[in-house]
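S.K.: Just dropping this structure here.
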Amino acid sequence: MQTTMPIGDFARATHLSIKALRHYHQEGLLEPAEIDPVSGYRRYDVAQIPTAQVIRRFRSLGMPLDDIAVIVRTDDLEARNGLIIRHLRRLESELSRTQDAVASLRHLVERPICDSGIRHVHIASRKVLAITQDVAVADIGAWYQGALGELYATLAAQQADLSGDAAGVYADGLFTEEFGTASVYIPARGPVRATGRTQVVEMPEVDLAVIDYVGPEAGVDRAYGALADYVTRHALAVDGPLHEFYPVNRAHTADPSRWRTQIGWPIFEVSPH
């Protein structure tokens with residue numbers, strides 16, 4: 001009984017193009033059952049149809065060919081399921097990023113941030129518990145969350161109390177060169193000791209134009225844009241790192257829609273010292 005079919009019929013049966021089938025053959029992913037030694041014409045066994053259909057579905061989900069090759073070749077069910085689960089998690093992460101981007105774009109169009117809530121504040125010098133490090137901008141989110149968690153844990157271990165909101169200071173290089181110095185700190189009431197990455201430092205006094213932003217990190221650039229527009233139009237900007245204050249952060253709630261960030265842009269002196 002004939003069990004092989006020409007590549008054209010196999011393409012129709014599996015919805016994989018002839019070009020794709022040739023590519024999968026070259027990659028060793030789906031080899032023909034027979035190859036004519038003279039013409040080089042490929043024939044496929046009907047038993048290969050399910051494998052081709054599996055390959056097509058995984059490729060439609062963006063799975064790398066190397067991972068698909070392991071899945072279709074291995075008899076190790078645990079290894080196969082591990083690869084599938086890892087790819088599904090990657091898809092979920094990409095979907096989450098896409099949803100965040102869509103939500104941020106919708107807010108940008110439907111709810112523009114105005115400068116009516118911007119205020120001028122003077123921050124006095126203060127001793128704080130801080131973690132400072134040179135960081136790539138691509139890593140800043142994870143670094144910030146880790147540093148903040150370490151600071152809270154250090155404060156709790158020393159049985160010290162907060163005397164204000166957690167905050168951060170970010171050098172210009174993070175924005176202009178995608179790499180620069182970042183500091184995350186928490187002000188403490190009473191004596192605290194440096195331990196691990198944490199250091200006790202004195203933050204200098206600074207005058208800031210401050211805007212509030214409520215929501216996940218993905219949309220904070222809108223507030224930055226509104227604040228930059230304000231200080232530029234009013235000719236207030238001076239050199240210095242940007243500041244962020246975190247009155248409501250991950251330590252308070254796991255719901256990003258409730259996070260509240262105050263962004264500070266350094267400006268000319270606003271009050272007598």
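We label chains A, B, ... in the order they appear in the structure tokens, count residues from 1 in each chain, and number ligands from 1 in the order shown.
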I want to know what sits within 8 Å of A:Val210, based on only C-alpha atoms, with residues of the same chain fewer than 5 positions away left out; could you give that as a PyMOL selection string?

M.R.: chain A and resi 118-121+227+262-265

S.K.: Write the selection just made, keeping C-alpha atoms, as an mmCIF file, in the first residue's frame?

M.R.:
data_model
loop_
_atom_site.group_PDB
_atom_site.id
_atom_site.type_symbol
_atom_site.label_atom_id
_atom_site.label_comp_id
_atom_site.auth_asym_id
_atom_site.auth_seq_id
_atom_site.Cartn_x
_atom_site.Cartn_y
_atom_site.Cartn_z
ATOM 1 C CA ILE A 118 2.666 70.241 39.608
ATOM 2 C CA ARG A 119 4.044 71.901 42.739
ATOM 3 C CA HIS A 120 7.377 73.250 43.941
ATOM 4 C CA VAL A 121 8.913 71.673 47.028
ATOM 5 C CA LEU A 227 6.935 67.595 34.067
ATOM 6 C CA GLN A 262 6.021 61.370 42.768
ATOM 7 C CA ILE A 263 8.559 62.541 40.202
ATOM 8 C CA GLY A 264 10.856 65.448 41.044
ATOM 9 C CA TRP A 265 12.783 67.590 38.549
#

S.K.: If we count only C-alpha atoms, what is near A:Ala13 at a cut-off of 12 Å, once residues fewer than 2 positions away on the same chain are taken out, given as a list of chain:residue names?

M.R.: A:Met5, A:Pro6, A:Ile7, A:Gly8, A:Asp9, A:Phe10, A:Ala11, A:His15, A:Leu16, A:Ser17, A:Ile18, A:Tyr44, A:Asp45, A:Val46, A:Ala47, A:Gln48, A:Ile49, A:Pro50, A:Thr51, A:Ala52, A:Gln53, A:Arg56

S.K.: Identify, on the basis of only C-alpha atoms, every residue whose closest approach to A:Arg126 does not exceed 7 Å; exclude the query and any residue fewer than 5 positions from it along the same chain; express the result as a list of chain:residue names.

M.R.: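 After dropping sequence-adjacent residues, the list is A:Glu202, A:Met203, A:Pro204.
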
S.K.: Can those selected residues be exported to a file as an mmCIF file, in the first residue's frame so that it contains all heavy atoms?

M.R.:
data_model
loop_
_atom_site.group_PDB
_atom_site.id
_atom_site.type_symbol
_atom_site.label_atom_id
_atom_site.label_comp_id
_atom_site.auth_asym_id
_atom_site.auth_seq_id
_atom_site.Cartn_x
_atom_site.Cartn_y
_atom_site.Cartn_z
ATOM 1 N N GLU A 202 24.079 60.780 53.535
ATOM 2 C CA GLU A 202 23.321 62.017 53.694
ATOM 3 C C GLU A 202 22.928 62.528 52.323
ATOM 4 O O GLU A 202 23.790 62.824 51.486
ATOM 5 C CB GLU A 202 24.130 63.074 54.434
ATOM 6 C CG GLU A 202 23.337 64.353 54.645
ATOM 7 C CD GLU A 202 23.922 65.261 55.709
ATOM 8 O OE1 GLU A 202 24.790 64.783 56.463
ATOM 9 O OE2 GLU A 202 23.510 66.424 55.781
ATOM 10 N N MET A 203 21.649 62.614 52.091
ATOM 11 C CA MET A 203 21.144 63.150 50.840
ATOM 12 C C MET A 203 21.138 64.670 50.932
ATOM 13 O O MET A 203 20.637 65.234 51.913
ATOM 14 C CB MET A 203 19.732 62.640 50.567
ATOM 15 C CG MET A 203 19.607 61.130 50.502
ATOM 16 S SD MET A 203 20.582 60.402 49.158
ATOM 17 C CE MET A 203 19.751 61.103 47.728
ATOM 18 N N PRO A 204 21.694 65.365 49.936
ATOM 19 C CA PRO A 204 21.743 66.829 50.008
ATOM 20 C C PRO A 204 20.365 67.448 49.802
ATOM 21 O O PRO A 204 19.470 66.824 49.220
ATOM 22 C CB PRO A 204 22.689 67.195 48.859
ATOM 23 C CG PRO A 204 22.565 66.058 47.891
ATOM 24 C CD PRO A 204 22.329 64.836 48.719
#

S.K.: Go ahead and compute the interatomic distance for atom CA of A:Ala138 and atom CA of A:Arg260, in Å to one decimal.

M.R.: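 That distance, rounded to one decimal, is 21.6 Å.
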
S.K.: Do you have the atom CA of A:Thr154-atom CA of A:Glu217 distance handy?

M.R.: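 One can read the atom CA of A:Thr154 to atom CA of A:Glu217 distance as 24.6 Å.
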
S.K.: Apply DSSP to the backbone of this structure and, from stretch 210-272 of chain A, keep only the residues in strand (DSSP E or B); write these as a tab-separated table (two decimals) with all heavy atoms, in the first residue's frame.

M.R.:
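So the final result, stored in selection-v1.tsv, reads:
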chain	number	residue	atom	x	y	z
A	210	VAL	N	7.46	68.90	41.30
A	210	VAL	CA	7.00	67.54	41.56
A	210	VAL	C	5.63	67.31	40.92
A	210	VAL	O	4.74	68.16	41.01
A	210	VAL	CB	6.93	67.26	43.07
A	210	VAL	CG1	6.35	65.87	43.34
A	210	VAL	CG2	8.32	67.38	43.69
A	211	ILE	N	5.49	66.15	40.28
A	211	ILE	CA	4.21	65.73	39.72
A	211	ILE	C	3.87	64.35	40.26
A	211	ILE	O	4.77	63.53	40.50
A	211	ILE	CB	4.27	65.71	38.17
A	211	ILE	CG1	2.88	65.50	37.57
A	211	ILE	CG2	5.24	64.65	37.66
A	211	ILE	CD1	2.84	65.67	36.05
A	212	ASP	N	2.59	64.09	40.47
A	212	ASP	CA	2.14	62.77	40.94
A	212	ASP	C	1.73	61.90	39.76
A	212	ASP	O	1.14	62.38	38.78
A	212	ASP	CB	0.93	62.93	41.87
A	212	ASP	CG	1.32	63.51	43.22
A	212	ASP	OD1	2.23	62.96	43.85
A	212	ASP	OD2	0.72	64.53	43.61
A	213	TYR	N	2.04	60.62	39.90
A	213	TYR	CA	1.61	59.64	38.90
A	213	TYR	C	1.07	58.43	39.63
A	213	TYR	O	1.70	57.91	40.55
A	213	TYR	CB	2.77	59.23	37.98
A	213	TYR	CG	2.45	58.02	37.13
A	213	TYR	CD1	1.60	58.13	36.04
A	213	TYR	CD2	2.96	56.76	37.45
A	213	TYR	CE1	1.27	57.03	35.27
A	213	TYR	CE2	2.64	55.65	36.69
A	213	TYR	CZ	1.80	55.79	35.60
A	213	TYR	OH	1.47	54.68	34.85
A	214	VAL	N	-0.10	57.96	39.21
A	214	VAL	CA	-0.71	56.76	39.79
A	214	VAL	C	-0.83	55.70	38.70
A	214	VAL	O	-1.42	55.96	37.63
A	214	VAL	CB	-2.10	57.06	40.38
A	214	VAL	CG1	-2.74	55.78	40.92
A	214	VAL	CG2	-2.00	58.11	41.48
A	237	ALA	N	14.47	74.67	35.01
A	237	ALA	CA	15.33	73.49	35.13
A	237	ALA	C	16.77	73.86	35.46
A	237	ALA	O	17.31	74.85	34.96
A	237	ALA	CB	15.29	72.69	33.84
A	242	LEU	N	17.41	63.24	38.55
A	242	LEU	CA	15.97	63.22	38.76
A	242	LEU	C	15.65	62.39	40.00
A	242	LEU	O	16.37	61.45	40.35
A	242	LEU	CB	15.27	62.65	37.54
A	242	LEU	CG	15.41	63.49	36.26
A	242	LEU	CD1	14.75	62.79	35.09
A	242	LEU	CD2	14.81	64.88	36.45
A	243	HIS	N	14.56	62.75	40.65
A	243	HIS	CA	14.15	62.11	41.89
A	243	HIS	C	12.79	61.44	41.71
A	243	HIS	O	11.94	61.93	40.96
A	243	HIS	CB	14.05	63.14	43.02
A	243	HIS	CG	15.36	63.77	43.38
A	243	HIS	ND1	15.96	63.60	44.61
A	243	HIS	CD2	16.18	64.58	42.68
A	243	HIS	CE1	17.09	64.27	44.65
A	243	HIS	NE2	17.25	64.89	43.48
A	244	GLU	N	12.61	60.33	42.39
A	244	GLU	CA	11.30	59.70	42.48
A	244	GLU	C	11.02	59.36	43.94
A	244	GLU	O	11.94	58.94	44.68
A	244	GLU	CB	11.23	58.42	41.64
A	244	GLU	CG	11.25	58.66	40.15
A	244	GLU	CD	11.07	57.38	39.33
A	244	GLU	OE1	11.01	56.29	39.95
A	244	GLU	OE2	11.00	57.47	38.10
A	245	PHE	N	9.76	59.52	44.33
A	245	PHE	CA	9.32	59.14	45.68
A	245	PHE	C	8.19	58.14	45.53
A	245	PHE	O	7.36	58.26	44.61
A	245	PHE	CB	8.86	60.38	46.46
A	245	PHE	CG	9.92	61.44	46.55
A	245	PHE	CD1	10.03	62.41	45.56
A	245	PHE	CD2	10.82	61.45	47.60
A	245	PHE	CE1	11.01	63.39	45.62
A	245	PHE	CE2	11.80	62.43	47.68
A	245	PHE	CZ	11.91	63.40	46.69
A	246	TYR	N	8.14	57.15	46.43
A	246	TYR	CA	7.23	56.02	46.27
A	246	TYR	C	6.30	55.89	47.48
A	246	TYR	O	6.47	54.99	48.31
A	246	TYR	CB	8.03	54.73	46.07
A	246	TYR	CG	9.10	54.87	45.01
A	246	TYR	CD1	10.46	54.86	45.36
A	246	TYR	CD2	8.78	55.02	43.67
A	246	TYR	CE1	11.45	54.99	44.40
A	246	TYR	CE2	9.76	55.15	42.69
A	246	TYR	CZ	11.10	55.13	43.07
A	246	TYR	OH	12.08	55.27	42.11
A	247	PRO	N	5.31	56.78	47.61
A	247	PRO	CA	4.39	56.70	48.75
A	247	PRO	C	3.60	55.40	48.79
A	247	PRO	O	3.26	54.90	49.87
A	247	PRO	CB	3.46	57.90	48.55
A	247	PRO	CG	4.07	58.73	47.49
A	247	PRO	CD	5.01	57.90	46.73
A	248	VAL	N	3.27	54.87	47.61
A	248	VAL	CA	2.57	53.58	47.53
A	248	VAL	C	3.31	52.74	46.49
A	248	VAL	O	3.34	53.08	45.31
A	248	VAL	CB	1.10	53.73	47.13
A	248	VAL	CG1	0.41	52.36	47.10
A	248	VAL	CG2	0.37	54.68	48.08
A	260	ARG	N	1.65	54.66	43.58
A	260	ARG	CA	1.72	56.12	43.43
A	260	ARG	C	3.18	56.55	43.48
A	260	ARG	O	3.91	56.22	44.42
A	260	ARG	CB	0.91	56.82	44.53
A	260	ARG	CG	0.82	58.33	44.34
A	260	ARG	CD	-0.38	58.90	45.08
A	260	ARG	NE	-0.26	58.77	46.51
A	260	ARG	CZ	0.29	59.71	47.30
A	260	ARG	NH1	0.76	60.82	46.76
A	260	ARG	NH2	0.35	59.53	48.60
A	261	THR	N	3.58	57.28	42.47
A	261	THR	CA	4.95	57.76	42.34
A	261	THR	C	4.94	59.27	42.21
A	261	THR	O	4.11	59.83	41.48
A	261	THR	CB	5.63	57.15	41.09
A	261	THR	OG1	5.58	55.73	41.17
A	261	THR	CG2	7.09	57.59	40.99
A	262	GLN	N	5.84	59.92	42.91
A	262	GLN	CA	6.02	61.37	42.77
A	262	GLN	C	7.37	61.60	42.10
A	262	GLN	O	8.39	61.13	42.58
A	262	GLN	CB	5.98	62.05	44.14
A	262	GLN	CG	4.63	61.91	44.84
A	262	GLN	CD	4.68	62.35	46.29
A	262	GLN	OE1	5.74	62.42	46.89
A	262	GLN	NE2	3.52	62.63	46.85
A	263	ILE	N	7.35	62.31	40.98
A	263	ILE	CA	8.56	62.54	40.20
A	263	ILE	C	9.02	63.97	40.44
A	263	ILE	O	8.23	64.91	40.36
A	263	ILE	CB	8.30	62.32	38.70
A	263	ILE	CG1	7.79	60.89	38.48
A	263	ILE	CG2	9.56	62.56	37.88
A	263	ILE	CD1	7.05	60.72	37.19
A	264	GLY	N	10.31	64.13	40.75
A	264	GLY	CA	10.86	65.45	41.04
A	264	GLY	C	11.94	65.85	40.06
A	264	GLY	O	12.89	65.08	39.82
A	265	TRP	N	11.80	67.04	39.49
A	265	TRP	CA	12.78	67.59	38.55
A	265	TRP	C	13.50	68.74	39.25
A	265	TRP	O	12.85	69.65	39.76
A	265	TRP	CB	12.07	68.11	37.30
A	265	TRP	CG	12.96	68.31	36.12
A	265	TRP	CD1	13.95	69.23	35.97
A	265	TRP	CD2	12.94	67.55	34.89
A	265	TRP	NE1	14.54	69.13	34.75
A	265	TRP	CE2	13.95	68.11	34.05
A	265	TRP	CE3	12.16	66.50	34.42
A	265	TRP	CZ2	14.19	67.62	32.77
A	265	TRP	CZ3	12.41	66.02	33.16
A	265	TRP	CH2	13.41	66.57	32.33
A	266	PRO	N	14.83	68.74	39.33
A	266	PRO	CA	15.54	69.81	40.04
A	266	PRO	C	15.33	71.17	39.37
A	266	PRO	O	15.40	71.29	38.14
A	266	PRO	CB	17.00	69.38	39.97
A	266	PRO	CG	17.09	68.39	38.86
A	266	PRO	CD	15.76	67.72	38.77
A	267	ILE	N	15.03	72.18	40.21
A	267	ILE	CA	14.75	73.53	39.71
A	267	ILE	C	15.47	74.55	40.57
A	267	ILE	O	16.12	74.21	41.56
A	267	ILE	CB	13.22	73.83	39.73
A	267	ILE	CG1	12.67	73.68	41.15
A	267	ILE	CG2	12.48	72.91	38.76
A	267	ILE	CD1	11.21	74.10	41.30

S.K.: Neighbouring residues of A:Leu148 were defined as those with any atom within 8 Å, considering only C-alpha atoms; residues of the same chain fewer than 5 positions away were excluded. Please report them as a list in words.

M.R.: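 Listed by chain and then number, they are Ala166, Val184 and Tyr185 of chain A.
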
S.K.: What separation in Å, quoted to one decimal, exists between atom CA of A:Val192 and atom CA of A:Gly164?

M.R.: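 Atom CA of A:Gly164 lies 14.7 Å from atom CA of A:Val192.
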
S.K.: With only C-alpha atoms as the counted atoms, please give the residues lying no more than 9 Å from A:Ala171, apart from itself and same-chain residues fewer than 6 positions off, as a list in words.

M.R.: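 Skipping anything fewer than 6 positions along the chain leaves Phe179, Gly180, Thr181, Ala182, Ser183, Gly240, Pro241 and Leu242 of chain A.
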
S.K.: Got a sec: who's within 9 Å of stretch 64-69 of chain A, counting only C-alpha atoms, leaving out chain neighbours fewer than 3 positions off, as JSON, numbers by chain?

M.R.: {"A": [24, 27, 28, 29, 30, 54, 55, 58, 59, 72, 73, 74, 80, 83, 84]}

S.K.: Quick one: of A:Leu61, A:Ala218, A:Val137, A:Val201, who's nearest to A:Glu177, counting only C-alpha atoms?

M.R.: A:Val137

S.K.: Step one, run DSSP on the backbone; step two, keep only residues of stretch 58-195 of chain A assigned to helix (DSSP H, G or I); then write them as a PyMOL selection string.

M.R.: chain A and resi 58-60+65-73+77-110+137-157+173-176

S.K.: How about saving the chosen residues, C-alpha atoms kept, as a PDB file, in the first residue's frame?

M.R.:
ATOM      1  CA  PHE A  58       4.332  25.662  17.549  1.00  0.00           C
ATOM      2  CA  ARG A  59       5.776  27.895  14.809  1.00  0.00           C
ATOM      3  CA  SER A  60       2.544  29.916  14.769  1.00  0.00           C
ATOM      4  CA  LEU A  65      13.072  25.708  15.816  1.00  0.00           C
ATOM      5  CA  ASP A  66      15.637  24.214  18.212  1.00  0.00           C
ATOM      6  CA  ASP A  67      12.965  23.789  20.899  1.00  0.00           C
ATOM      7  CA  ILE A  68      10.513  22.295  18.416  1.00  0.00           C
ATOM      8  CA  ALA A  69      13.186  19.831  17.296  1.00  0.00           C
ATOM      9  CA  VAL A  70      13.640  18.599  20.862  1.00  0.00           C
ATOM     10  CA  ILE A  71       9.878  18.264  21.328  1.00  0.00           C
ATOM     11  CA  VAL A  72       9.267  16.208  18.184  1.00  0.00           C
ATOM     12  CA  ARG A  73      12.311  13.992  18.663  1.00  0.00           C
ATOM     13  CA  LEU A  77       7.717  13.380  28.393  1.00  0.00           C
ATOM     14  CA  GLU A  78       9.022  15.543  31.248  1.00  0.00           C
ATOM     15  CA  ALA A  79      11.567  17.297  29.002  1.00  0.00           C
ATOM     16  CA  ARG A  80       8.957  17.843  26.295  1.00  0.00           C
ATOM     17  CA  ASN A  81       6.407  19.281  28.714  1.00  0.00           C
ATOM     18  CA  GLY A  82       9.069  21.469  30.295  1.00  0.00           C
ATOM     19  CA  LEU A  83       9.851  23.092  26.945  1.00  0.00           C
ATOM     20  CA  ILE A  84       6.173  23.625  26.182  1.00  0.00           C
ATOM     21  CA  ILE A  85       5.495  25.154  29.615  1.00  0.00           C
ATOM     22  CA  ARG A  86       8.541  27.426  29.311  1.00  0.00           C
ATOM     23  CA  HIS A  87       7.319  28.699  25.954  1.00  0.00           C
ATOM     24  CA  LEU A  88       3.783  29.228  27.253  1.00  0.00           C
ATOM     25  CA  ARG A  89       5.180  31.311  30.104  1.00  0.00           C
ATOM     26  CA  ARG A  90       7.176  33.340  27.591  1.00  0.00           C
ATOM     27  CA  LEU A  91       3.999  33.943  25.601  1.00  0.00           C
ATOM     28  CA  GLU A  92       2.141  34.985  28.746  1.00  0.00           C
ATOM     29  CA  SER A  93       4.923  37.437  29.589  1.00  0.00           C
ATOM     30  CA  GLU A  94       4.836  38.899  26.071  1.00  0.00           C
ATOM     31  CA  LEU A  95       1.048  39.147  26.254  1.00  0.00           C
ATOM     32  CA  SER A  96       1.284  40.971  29.569  1.00  0.00           C
ATOM     33  CA  ARG A  97       3.767  43.457  28.087  1.00  0.00           C
ATOM     34  CA  THR A  98       1.507  43.971  25.070  1.00  0.00           C
ATOM     35  CA  GLN A  99      -1.525  44.550  27.289  1.00  0.00           C
ATOM     36  CA  ASP A 100       0.444  47.058  29.380  1.00  0.00           C
ATOM     37  CA  ALA A 101       1.535  48.892  26.233  1.00  0.00           C
ATOM     38  CA  VAL A 102      -2.036  48.983  24.904  1.00  0.00           C
ATOM     39  CA  ALA A 103      -3.376  50.274  28.225  1.00  0.00           C
ATOM     40  CA  SER A 104      -0.650  52.918  28.388  1.00  0.00           C
ATOM     41  CA  LEU A 105      -1.365  54.048  24.826  1.00  0.00           C
ATOM     42  CA  ARG A 106      -5.104  54.236  25.543  1.00  0.00           C
ATOM     43  CA  HIS A 107      -4.459  56.388  28.617  1.00  0.00           C
ATOM     44  CA  LEU A 108      -2.092  58.566  26.599  1.00  0.00           C
ATOM     45  CA  VAL A 109      -4.813  59.230  24.021  1.00  0.00           C
ATOM     46  CA  GLU A 110      -7.854  59.369  26.294  1.00  0.00           C
ATOM     47  CA  VAL A 137      18.356  51.032  32.050  1.00  0.00           C
ATOM     48  CA  ALA A 138      17.073  47.655  30.816  1.00  0.00           C
ATOM     49  CA  ASP A 139      17.659  46.261  34.326  1.00  0.00           C
ATOM     50  CA  ILE A 140      16.467  49.237  36.353  1.00  0.00           C
ATOM     51  CA  GLY A 141      12.993  47.874  37.149  1.00  0.00           C
ATOM     52  CA  ALA A 142      14.223  44.575  38.581  1.00  0.00           C
ATOM     53  CA  TRP A 143      17.135  46.291  40.317  1.00  0.00           C
ATOM     54  CA  TYR A 144      14.841  48.870  41.928  1.00  0.00           C
ATOM     55  CA  GLN A 145      12.434  46.229  43.243  1.00  0.00           C
ATOM     56  CA  GLY A 146      15.268  44.137  44.659  1.00  0.00           C
ATOM     57  CA  ALA A 147      17.018  47.095  46.269  1.00  0.00           C
ATOM     58  CA  LEU A 148      13.807  48.387  47.791  1.00  0.00           C
ATOM     59  CA  GLY A 149      12.992  44.981  49.253  1.00  0.00           C
ATOM     60  CA  GLU A 150      16.490  44.734  50.734  1.00  0.00           C
ATOM     61  CA  LEU A 151      16.187  48.176  52.311  1.00  0.00           C
ATOM     62  CA  TYR A 152      12.847  47.374  53.929  1.00  0.00           C
ATOM     63  CA  ALA A 153      14.254  44.067  55.219  1.00  0.00           C
ATOM     64  CA  THR A 154      17.324  45.800  56.666  1.00  0.00           C
ATOM     65  CA  LEU A 155      15.163  48.385  58.401  1.00  0.00           C
ATOM     66  CA  ALA A 156      12.926  45.670  59.870  1.00  0.00           C
ATOM     67  CA  ALA A 157      15.915  43.606  61.026  1.00  0.00           C
ATOM     68  CA  GLY A 173      23.201  58.768  32.123  1.00  0.00           C
ATOM     69  CA  LEU A 174      20.335  56.362  32.740  1.00  0.00           C
ATOM     70  CA  PHE A 175      18.182  58.436  30.402  1.00  0.00           C
ATOM     71  CA  THR A 176      20.782  59.632  27.894  1.00  0.00           C
TER      72      THR A 176
END
